[in-house]
Amino acid sequence: GAGVSQSPSNKVTEKGKDVELRCDPISGHTALYWYRQSLGQGLEFLIYFQGNSAPDKSGLPSDRFSAERTGGSVSTLTIQRTQQEDSAVYLCASSPYGARSEQFFGPGTRLTVL
Amino acid sequence: QKEVEQNSGPLSVPEGAIASLNCTYSDRGSQSFFWYRQYSGKSPELIMSIYSNGDKEDGRFTAQLNKASQYVSLLIRDSQPSDSATYLCAVNEGRRDYKLSFGAGTTVTVRA
């Protein structure tokens with residue numbers, strides 16, 4: 001079946017602009033995650049959605065970052081007033097039910113802030 | 001102390017040999033353990049999951065878990081050049097069991 005999809009695959013923006021990154025999880029997966037991976041760095045957890053529960057936003061690095069998940073499916077990560085340090089690969093993952101279950105990653109969005 | 005630590009690389013092995021990757025974790029409440037493979041410029045791909053002590057084999061891959069020692073390993077038998085990648089160990093948190101902590105990864109190079 002179809003895996004996790006993300007768009008765009010690449011995004012180049014200017015410092016100070018807002019960007020939106022989109023994630024389509026695997027059909028039927030109730031849990032959705034956003035991660036960030038900077039060059040040569042590990043995976044950094046950003047946010048977790050599970051069904052209709054309140055998201056775990058504990059990993060968002062600043063209030064410039066926000067995310068929503070509409071209808072329990074598609075998710076959008078928004079970064080306002082982008083900074084150069086926001087440059088990274090943003091990865092989305094989905095999981096059948098969240099707790100202790102496997103996570104499957106999308107191809108990622110490479111964000112470059114000039 | 002990092003939550004998940006992996007043996008430092010890079011690890012270079014000849015084709016056909018066994019590659020051994022190690023991972024230790026600090027959270028005694030962890031119950032789920034995963035190995036991901038990440039090719040350069042690509043996203044992580046799940047290759048193994050293990051939940052119980054002991055060995056779990058899948059093709060050329062064997063995962064080993066010892067919860068008492070807080071240790072999980074991955075063996076790659078008959079290593080192939082296509083196995084050259086970074087391998088990430090991931091462990092779920094005890095208190096927030098939906099959340100994975102990832103190690104920094106071990107880069108494996110298989111020499112033809």
# chains A, B, ... in the order shown; residues from 1 in each chain; ligands from 1
$ closest_atom_pairs --of "chain A" --to "chain B" --cutoff "8 Å" --atoms "only C-alpha atoms" --output "Markdown table"
| residue | atom | partner | partner_atom | distance |
| --- | --- | --- | --- | --- |
| A:Gln41 | CA | B:Ala104 | CA | 7.0 |
| A:Gly42 | CA | B:Ala104 | CA | 5.0 |
| A:Leu43 | CA | B:Phe102 | CA | 6.3 |
| A:Leu91 | CA | B:Ser43 | CA | 7.5 |
| A:Gly98 | CA | B:Tyr98 | CA | 4.9 |
| A:Ala99 | CA | B:Tyr98 | CA | 3.9 |
| A:Arg100 | CA | B:Tyr98 | CA | 5.4 |
| A:Ser101 | CA | B:Tyr98 | CA | 7.3 |
| A:Glu102 | CA | B:Ser49 | CA | 7.4 |
| A:Gln103 | CA | B:Leu46 | CA | 7.6 |
| A:Phe104 | CA | B:Leu46 | CA | 6.7 |
| A:Phe105 | CA | B:Pro44 | CA | 6.3 |
| A:Gly106 | CA | B:Ser43 | CA | 6.8 |
| A:Pro107 | CA | B:Ser43 | CA | 5.3 |
| A:Gly108 | CA | B:Ser43 | CA | 6.5 |
$ atom_distance --atom1 "atom CA of A:Ser5" --atom2 "atom CA of A:Lys57"
21.5 Å
$ residues_around --residues "A:Gly72" --least-positions-apart "5" --cutoff "8 Å" --atoms "only C-alpha atoms" --output "VMD selection string"
chain A and resid 30 50 to 52
$ write_last_selection --atoms "N, CA, C and O atoms" --output "short mmCIF file (atom, residue, chain, number, x, y, z; two decimals), in the first residue's frame"
data_model
loop_
_atom_site.label_atom_id
_atom_site.label_comp_id
_atom_site.auth_asym_id
_atom_site.auth_seq_id
_atom_site.Cartn_x
_atom_site.Cartn_y
_atom_site.Cartn_z
N THR A 30 -3.43 5.93 13.11
CA THR A 30 -4.04 6.97 13.95
C THR A 30 -3.00 7.95 14.51
O THR A 30 -3.35 9.04 14.91
N GLN A 50 -2.43 11.97 18.10
CA GLN A 50 -3.08 10.66 18.21
C GLN A 50 -4.58 10.87 18.25
O GLN A 50 -5.11 11.40 19.23
N GLY A 51 -5.24 10.48 17.19
CA GLY A 51 -6.69 10.59 17.13
C GLY A 51 -7.16 11.99 17.47
O GLY A 51 -6.66 12.98 16.95
N ASN A 52 -8.13 12.04 18.37
CA ASN A 52 -8.69 13.32 18.78
C ASN A 52 -8.07 13.86 20.07
O ASN A 52 -8.55 14.87 20.60
#
$ residues_around --residues "A:Phe45" --least-positions-apart "2" --cutoff "8 Å" --atoms "only C-alpha atoms" --output "list in words"
Tyr33, Trp34, Tyr35, Arg36, Leu43, Ile47, Gly59 and Leu60 of chain A
$ decode --residues "stretch 8-110 of chain B" --atoms "C-alpha atoms" --output "PDB file, in the first residue's frame"
ATOM      1  CA  SER B   8      30.668   5.010  17.455  1.00  0.00           C
ATOM      2  CA  GLY B   9      31.448   4.438  13.827  1.00  0.00           C
ATOM      3  CA  PRO B  10      32.169   4.297  11.157  1.00  0.00           C
ATOM      4  CA  LEU B  11      32.156   0.517  10.996  1.00  0.00           C
ATOM      5  CA  SER B  12      33.883  -1.003   7.996  1.00  0.00           C
ATOM      6  CA  VAL B  13      33.374  -4.681   7.227  1.00  0.00           C
ATOM      7  CA  PRO B  14      34.325  -6.825   4.223  1.00  0.00           C
ATOM      8  CA  GLU B  15      31.602  -8.194   2.015  1.00  0.00           C
ATOM      9  CA  GLY B  16      30.242 -11.441   3.397  1.00  0.00           C
ATOM     10  CA  ALA B  17      31.259 -10.707   6.986  1.00  0.00           C
ATOM     11  CA  ILE B  18      29.033 -10.050  10.005  1.00  0.00           C
ATOM     12  CA  ALA B  19      28.414  -6.455  11.033  1.00  0.00           C
ATOM     13  CA  SER B  20      27.623  -6.029  14.723  1.00  0.00           C
ATOM     14  CA  LEU B  21      25.884  -2.897  15.948  1.00  0.00           C
ATOM     15  CA  ASN B  22      25.304  -2.110  19.606  1.00  0.00           C
ATOM     16  CA  CYS B  23      22.919   0.157  21.446  1.00  0.00           C
ATOM     17  CA  THR B  24      22.396   0.906  25.134  1.00  0.00           C
ATOM     18  CA  TYR B  25      19.534   2.849  26.670  1.00  0.00           C
ATOM     19  CA  SER B  26      18.946   4.490  30.010  1.00  0.00           C
ATOM     20  CA  ASP B  27      15.153   4.276  30.516  1.00  0.00           C
ATOM     21  CA  ARG B  28      14.294   1.080  32.409  1.00  0.00           C
ATOM     22  CA  GLY B  29      10.638   1.538  31.462  1.00  0.00           C
ATOM     23  CA  SER B  30      11.326   1.123  27.747  1.00  0.00           C
ATOM     24  CA  GLN B  31       9.419  -1.733  26.159  1.00  0.00           C
ATOM     25  CA  SER B  32       9.791  -1.323  22.399  1.00  0.00           C
ATOM     26  CA  PHE B  33      13.003  -1.315  20.417  1.00  0.00           C
ATOM     27  CA  PHE B  34      13.583  -0.633  16.757  1.00  0.00           C
ATOM     28  CA  TRP B  35      16.356  -0.552  14.221  1.00  0.00           C
ATOM     29  CA  TYR B  36      16.144   1.785  11.259  1.00  0.00           C
ATOM     30  CA  ARG B  37      18.393   1.959   8.232  1.00  0.00           C
ATOM     31  CA  GLN B  38      19.047   5.341   6.654  1.00  0.00           C
ATOM     32  CA  TYR B  39      20.784   5.685   3.332  1.00  0.00           C
ATOM     33  CA  SER B  40      22.540   8.958   2.646  1.00  0.00           C
ATOM     34  CA  GLY B  41      20.005  11.593   1.636  1.00  0.00           C
ATOM     35  CA  LYS B  42      17.046   9.335   2.391  1.00  0.00           C
ATOM     36  CA  SER B  43      14.639   8.933   5.275  1.00  0.00           C
ATOM     37  CA  PRO B  44      14.868   6.196   7.925  1.00  0.00           C
ATOM     38  CA  GLU B  45      13.483   2.811   6.957  1.00  0.00           C
ATOM     39  CA  LEU B  46      12.308   0.368   9.622  1.00  0.00           C
ATOM     40  CA  ILE B  47      14.158  -2.932   9.395  1.00  0.00           C
ATOM     41  CA  MET B  48      13.596  -4.622  12.760  1.00  0.00           C
ATOM     42  CA  SER B  49      11.426  -4.314  15.824  1.00  0.00           C
ATOM     43  CA  ILE B  50      11.869  -6.307  19.025  1.00  0.00           C
ATOM     44  CA  TYR B  51       9.826  -6.306  22.221  1.00  0.00           C
ATOM     45  CA  SER B  52      10.937  -9.384  24.209  1.00  0.00           C
ATOM     46  CA  ASN B  53      14.261 -10.505  25.557  1.00  0.00           C
ATOM     47  CA  GLY B  54      16.213 -12.786  23.274  1.00  0.00           C
ATOM     48  CA  ASP B  55      16.867 -12.950  19.572  1.00  0.00           C
ATOM     49  CA  LYS B  56      14.662 -12.125  16.629  1.00  0.00           C
ATOM     50  CA  GLU B  57      15.751 -13.074  13.145  1.00  0.00           C
ATOM     51  CA  ASP B  58      14.534 -11.673   9.839  1.00  0.00           C
ATOM     52  CA  GLY B  59      16.500 -12.761   6.812  1.00  0.00           C
ATOM     53  CA  ARG B  60      20.101 -11.653   7.238  1.00  0.00           C
ATOM     54  CA  PHE B  61      19.231  -9.459  10.218  1.00  0.00           C
ATOM     55  CA  THR B  62      19.135 -10.554  13.853  1.00  0.00           C
ATOM     56  CA  ALA B  63      18.108  -8.263  16.672  1.00  0.00           C
ATOM     57  CA  GLN B  64      19.069  -9.138  20.233  1.00  0.00           C
ATOM     58  CA  LEU B  65      17.502  -7.639  23.338  1.00  0.00           C
ATOM     59  CA  ASN B  66      18.593  -7.821  26.970  1.00  0.00           C
ATOM     60  CA  LYS B  67      16.372  -5.608  29.116  1.00  0.00           C
ATOM     61  CA  ALA B  68      18.265  -6.387  32.319  1.00  0.00           C
ATOM     62  CA  SER B  69      21.437  -5.014  30.775  1.00  0.00           C
ATOM     63  CA  GLN B  70      19.505  -2.316  28.859  1.00  0.00           C
ATOM     64  CA  TYR B  71      21.159  -3.423  25.684  1.00  0.00           C
ATOM     65  CA  VAL B  72      19.947  -4.074  22.164  1.00  0.00           C
ATOM     66  CA  SER B  73      22.029  -5.117  19.199  1.00  0.00           C
ATOM     67  CA  LEU B  74      21.710  -5.764  15.485  1.00  0.00           C
ATOM     68  CA  LEU B  75      23.696  -8.333  13.557  1.00  0.00           C
ATOM     69  CA  ILE B  76      23.902  -8.205   9.784  1.00  0.00           C
ATOM     70  CA  ARG B  77      25.063 -11.527   8.382  1.00  0.00           C
ATOM     71  CA  ASP B  78      26.634 -11.953   4.950  1.00  0.00           C
ATOM     72  CA  SER B  79      27.017  -8.186   4.643  1.00  0.00           C
ATOM     73  CA  GLN B  80      26.475  -6.758   1.178  1.00  0.00           C
ATOM     74  CA  PRO B  81      27.571  -3.416  -0.288  1.00  0.00           C
ATOM     75  CA  SER B  82      23.869  -2.478  -0.310  1.00  0.00           C
ATOM     76  CA  ASP B  83      23.942  -2.662   3.496  1.00  0.00           C
ATOM     77  CA  SER B  84      26.207   0.393   3.563  1.00  0.00           C
ATOM     78  CA  ALA B  85      24.124   2.956   5.442  1.00  0.00           C
ATOM     79  CA  THR B  86      23.617   4.565   8.842  1.00  0.00           C
ATOM     80  CA  TYR B  87      21.741   2.396  11.326  1.00  0.00           C
ATOM     81  CA  LEU B  88      19.626   4.087  13.959  1.00  0.00           C
ATOM     82  CA  CYS B  89      18.583   2.482  17.217  1.00  0.00           C
ATOM     83  CA  ALA B  90      15.253   3.728  18.587  1.00  0.00           C
ATOM     84  CA  VAL B  91      13.766   3.047  21.995  1.00  0.00           C
ATOM     85  CA  ASN B  92      10.359   4.065  23.303  1.00  0.00           C
ATOM     86  CA  GLU B  93      10.113   6.136  26.459  1.00  0.00           C
ATOM     87  CA  GLY B  94       8.662   4.462  29.518  1.00  0.00           C
ATOM     88  CA  ARG B  95       6.435   7.359  30.604  1.00  0.00           C
ATOM     89  CA  ARG B  96       5.380   8.467  27.128  1.00  0.00           C
ATOM     90  CA  ASP B  97       5.348   5.121  25.386  1.00  0.00           C
ATOM     91  CA  TYR B  98       4.393   6.595  22.014  1.00  0.00           C
ATOM     92  CA  LYS B  99       7.626   8.590  21.867  1.00  0.00           C
ATOM     93  CA  LEU B 100      10.851   7.189  20.469  1.00  0.00           C
ATOM     94  CA  SER B 101      14.319   8.308  21.425  1.00  0.00           C
ATOM     95  CA  PHE B 102      16.863   7.794  18.682  1.00  0.00           C
ATOM     96  CA  GLY B 103      20.546   7.138  18.904  1.00  0.00           C
ATOM     97  CA  ALA B 104      22.970   9.165  16.834  1.00  0.00           C
ATOM     98  CA  GLY B 105      23.447   6.238  14.468  1.00  0.00           C
ATOM     99  CA  THR B 106      26.306   4.017  13.389  1.00  0.00           C
ATOM    100  CA  THR B 107      27.536   4.303   9.824  1.00  0.00           C
ATOM    101  CA  VAL B 108      28.386   0.971   8.227  1.00  0.00           C
ATOM    102  CA  THR B 109      30.495   0.599   5.112  1.00  0.00           C
ATOM    103  CA  VAL B 110      30.685  -2.807   3.446  1.00  0.00           C
TER     104      VAL B 110
END
